[in-house]
Each structure stands twice: as C-alpha cells, then as structure tokens.
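What follows is a set of notes on a single structure, which appears directly below.
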Amino acid sequence: MEYKYGSASCYQLDKKFDDLFDTYDCDGMWATKKTYRHSEPGMSFKYKYSLEAVEFEEGKVMTYVKLVMLPESFCKAKRAKLADGYGIEEKDLTVADILANELAGVVMMESQLFEYDTYDEEDWIGCARFRTLQDTVANILDMLDGMRGFFIDRPQNMIGTTGWDLIKEAKGRVKDAIRASVRRLKNEHKEDK
C-alpha cells in the first residue's frame, strides 16, 4: 500500500511518529526529537522538523511539515528581538516560538489536507487515520531531509521569497527577507531587459 504526504510517498510504515517527534505545549504542534545540521560555509545552522495541524473548518485540518531553525542558529540581534517580543530570555526561546514568528528561519517543506467525519471522528488528533498520517510523515522525513535544498530553493510566498531568504534573515545576512527578495526580483527584471 502506498502512503502519501504532499508529493512524497512510502510503501511501509516502519517508523512510528511518537519515536521521532515530541509534542509541544499545545495540541497540533510537534517537533523532531533529533536535531539536524546544515553545513555550508557561511550558512551553517541547526534545525528540527515540525508537523503542525490547524483545523480551519469543521472536519478540515491543514497539516504542514516545516524545517525550523533552532534559536541558537539565529544571529544575536534577531534572537534578542524574538525573545524581547515574547518577553522571555533568549535561552528560553523554543521551536514553537520560531514557528509562531512564521517567517525568519521557517521553511515550508510539504503540506496536506486532512479531512475527518465530525460525527465518527470527533477527536481527530487521536483517530487512527490521523495517526497513519503522522506515521507517514515519520517515514518520509529522511527523504525530505535529503531534498531540503530543493525545498529551501522554492518560493515560500507569492512574491518569490525563498527559504534561503528566510534563513539569511535569521542569520542576519539580510535585514528583511521579503525586501531582499523584491530587490532580487527587480535586479533580475533589469537584467532581462
């Protein structure tokens, strides 16, 4: 049987979600227990993967797998600004705080809609079909990580801000990822003329 999540798939569910992911302080947000590392001159950073599930309509839950830079990989100024915005110490910043920021340091990998029957599956987080979705994510995670460069290269919004722009902002290499991507697009447009 083929198990699909976004554009990725697997044929066996050998890995269990609970073995690879921790639950955060709210339902619908999980992050990998393992810390990953991207090593590249000038662009090295530590990260985890998250699975988020957001119910946007009764019976419909949007799920997202995201690469999330760890707070210690952010530049000092950006990390201090985030901590100040939450009213906490820098050392207390978590993956959940970075995800709530929604921009710098967060790269969308894949997403998938999960629909459930509101009469039969009132507790969608605990239902067997959602558990299968979670186990599918656990089993495709190594494949997604092996293709992270492809996902980071992709535009993350409609104006063409890439994952690299968001990582560069987190690392302090650009002040604002969206403005940097707009400048890049303007320069590309000039070169095309």
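Chain labels run A, B, ... following the order of the structure tokens; each chain numbers its residues from 1, and ligands are numbered from 1 in the order shown.
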
Practice problem: List every residue of region 127-180 of chain A that DSSP, applied to the backbone, labels as helix (DSSP H, G or I), and write the result as a ChimeraX atom specification. | Solution: /A:128-146,148-153,163-171,177-180

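The spacing separating CA of Arg79 (chain A) from CA of Thr35 (chain A) amounts to 18.4 Å.
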
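Restricting the calculation to only C-alpha atoms, the smallest distance between Thr132 (chain A) and any of A:Tyr24, A:Phe114, A:Trp164, A:Phe56 is found for A:Phe114.
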
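Reported to one decimal place, the separation of CA of Thr94 (chain A) from CA of Gln156 (chain A) is 22.1 Å.
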
Fewer than 4 positions away in the same chain doesn't count, so skip those; otherwise give me all residues within 12 Å of Ile159 (chain A), counting only C-alpha atoms, as a PDB file with C-alpha atoms, in the first residue's frame.
ATOM      1  CA  ARG A 154      11.419  27.042  -3.671  1.00  0.00           C
ATOM      2  CA  PRO A 155       9.468  30.279  -3.286  1.00  0.00           C
ATOM      3  CA  ASP A 165      15.960  34.426   2.048  1.00  0.00           C
ATOM      4  CA  ALA A 177      13.758  38.567   3.678  1.00  0.00           C
ATOM      5  CA  ILE A 178      10.776  39.934   1.771  1.00  0.00           C
ATOM      6  CA  ARG A 179      12.501  43.208   0.868  1.00  0.00           C
ATOM      7  CA  ALA A 180      15.621  41.282  -0.142  1.00  0.00           C
ATOM      8  CA  SER A 181      13.600  39.061  -2.460  1.00  0.00           C
ATOM      9  CA  VAL A 182      11.828  42.064  -4.006  1.00  0.00           C
ATOM     10  CA  ARG A 183      15.237  43.693  -4.671  1.00  0.00           C
ATOM     11  CA  ARG A 184      16.491  40.457  -6.229  1.00  0.00           C
ATOM     12  CA  LEU A 185      13.421  40.243  -8.469  1.00  0.00           C
ATOM     13  CA  LYS A 186      13.851  43.870  -9.564  1.00  0.00           C
TER      14      LYS A 186
END

Practice problem: Within 9 Å of Met1 (chain A), counting only C-alpha atoms, which residues show up once you throw out same-chain ones fewer than 5 positions away? Write them as an NGL selection string, please. | Solution: :A and (10-12)

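Among the candidates A:Arg173, A:Lys91, A:Lys60, A:Arg129, the one nearest to Ala104 (chain A) when counting only C-alpha atoms is A:Arg173.
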
Quiz item: Looking at A:Ser73, A:Ser7, A:Ser39, A:Ser50, which one is nearest to Thr23 (chain A), with distances taken over only C-alpha atoms?
Solution: A:Ser50

Quiz item: What's the 12 Å shell around region 146-148 of chain A, counting only C-alpha atoms, without same-chain residues fewer than 2 positions away, as a ChimeraX atom specification?
Solution: /A:7-8,36-38,47-49,65-68,107-110,140-144,150-154,163-164

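Closest to Asp120 (chain A) among A:Gly59, A:Ala83, A:Lys4, A:Leu20 is A:Gly59, based on only C-alpha atoms.
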
Quiz item: Which polymer residues have any atom within 7 Å of an atom of Tyr5 (chain A), counting only C-alpha atoms, with same-chain residues fewer than 3 positions away left out, as an MDAnalysis selection string?
Solution: chainID A and resid 8:9 112 136:137

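Comparing A:Met158, A:Leu133, A:Ile125, A:Leu82 by their smallest distance to Phe17 (chain A), the closest is A:Leu133 (using only C-alpha atoms).
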
Quiz item: Can you list, as JSON, numbers by chain, every protein, DNA or RNA residue that comes within 8 Å of Ala53 (chain A) when you count only C-alpha atoms, leaving out same-chain residues fewer than 3 positions away?
Solution: {"A": [28, 29, 61, 62, 63, 64]}

Exercise. Using only C-alpha atoms, pick whichever of A:Thr118, A:Ser111, A:Ser44, A:Gln134 has the shortest atom-to-atom distance to Trp30 (chain A).
Key: A:Gln134
